[in-house]
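Engineer: Okay, here's the structure, questions in a sec.
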Amino acid sequence: MSKRKEIKFRQSHGGLVGKQNGLTFCIYEDRELAATCAPAHYVAIDPNRDSLDQRRVSTGGRQYFHLDGAMEFCQKIAAGEIKLEDLQAAYDAEDDAKERAVFREVTAKAKKFHARLDAMGLKYTDLLELEVLAHSLGDMGHNILLGYERGEGWPSGT
C-alpha cells in the first residue's frame, strides 16, 4: 500500500476543513453528543466544483466519530480506500429502507382506522364531510352538542 498524503485541517466556520484530491472535507461537532462521551463528530465531503454529477455526502445523523476517527475516515476517502459512490449508495439504501418502513407503518394505521369507520358504516369521505360541518358549529355549537350527549338535553327556549 502506498504512503498516504496527510490532509491538513484548519479551523473554519465552526469546524475543521481540509482539501485533498479535489475533495473538501469538513468535520463538525454535534454539540448535544459532545456533552456525552459518545463520538460526536460527523464528516461532510464536498466534491470539487467540476464534478457536477456528484453531490455532498455527509455522515451527520448516520455515523459519528471521535475526532481522530473522523480524520482517519477522511484520509481513507482521500486515499480511495472508501469510495464516495459506495458510501452514498449505502446511505441511499438506508434512507429507502427507513422510508418503506414508515410507509408500511402508516398504511397499517390507515387500514385500522378504515376498519373502524367501516364498522360504523362510514366512508372516509363521510368523515371529512362531518368534520367540516362540526367545525362550522363553532365553540358554542360544540358545547351544546356535548351537553346533549351527556344527557343535559337541548338548551331551554329552543
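By convention in this document, the chains of the C-alpha cells carry letters A, B, ... by their order, each chain's residues are numbered from 1, and ligands are numbered from 1 in the order they are shown.
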Would you mind listing what lies within 12 Å of Val57 of chain A as a PyMOL selection string, with only C-alpha atoms counted and same-chain residues fewer than 4 positions away left out?
Structural biologist: chain A and resi 23-26+42-47+61-63+74+77+83-92
Engineer: Using only C-alpha atoms, which residues sit within 10 Å of Ile144 of chain A once same-chain residues fewer than 5 positions away are excluded, as a PyMOL selection string?
Structural biologist: chain A and resi 137+139+149-150+152-155
Engineer: Hey, can you spit out that residue selection with N, CA and C atoms as a short mmCIF file (atom, residue, chain, number, x, y, z; two decimals), in the first residue's frame?
Structural biologist:
```cif
data_model
loop_
_atom_site.label_atom_id
_atom_site.label_comp_id
_atom_site.auth_asym_id
_atom_site.auth_seq_id
_atom_site.Cartn_x
_atom_site.Cartn_y
_atom_site.Cartn_z
N LEU A 137 -69.78 24.62 13.36
CA LEU A 137 -70.64 24.88 14.52
C LEU A 137 -70.04 25.94 15.44
N ASP A 139 -67.49 27.07 18.76
CA ASP A 139 -67.35 26.58 20.13
C ASP A 139 -68.70 26.39 20.83
N GLU A 149 -75.15 15.18 24.43
CA GLU A 149 -74.62 13.81 24.51
C GLU A 149 -74.48 13.35 25.96
N ARG A 150 -74.25 14.29 26.89
CA ARG A 150 -74.13 13.95 28.32
C ARG A 150 -75.51 13.82 28.98
N GLU A 152 -77.91 16.31 29.02
CA GLU A 152 -78.42 17.58 29.52
C GLU A 152 -79.58 18.11 28.66
N GLY A 153 -79.80 17.48 27.51
CA GLY A 153 -80.85 17.93 26.62
C GLY A 153 -80.43 19.17 25.84
N TRP A 154 -81.40 19.69 25.07
CA TRP A 154 -81.12 20.91 24.30
C TRP A 154 -81.29 22.13 25.20
N PRO A 155 -80.65 23.19 24.90
CA PRO A 155 -80.79 24.40 25.74
C PRO A 155 -82.25 24.84 25.80
#
```
Engineer: When you draw a straight line from atom CA of Gly14 of chain A to atom CA of Glu29 of chain A, how long is it in Å?
Structural biologist: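 Separation of atom CA of Gly14 of chain A and atom CA of Glu29 of chain A: 8.4 Å.
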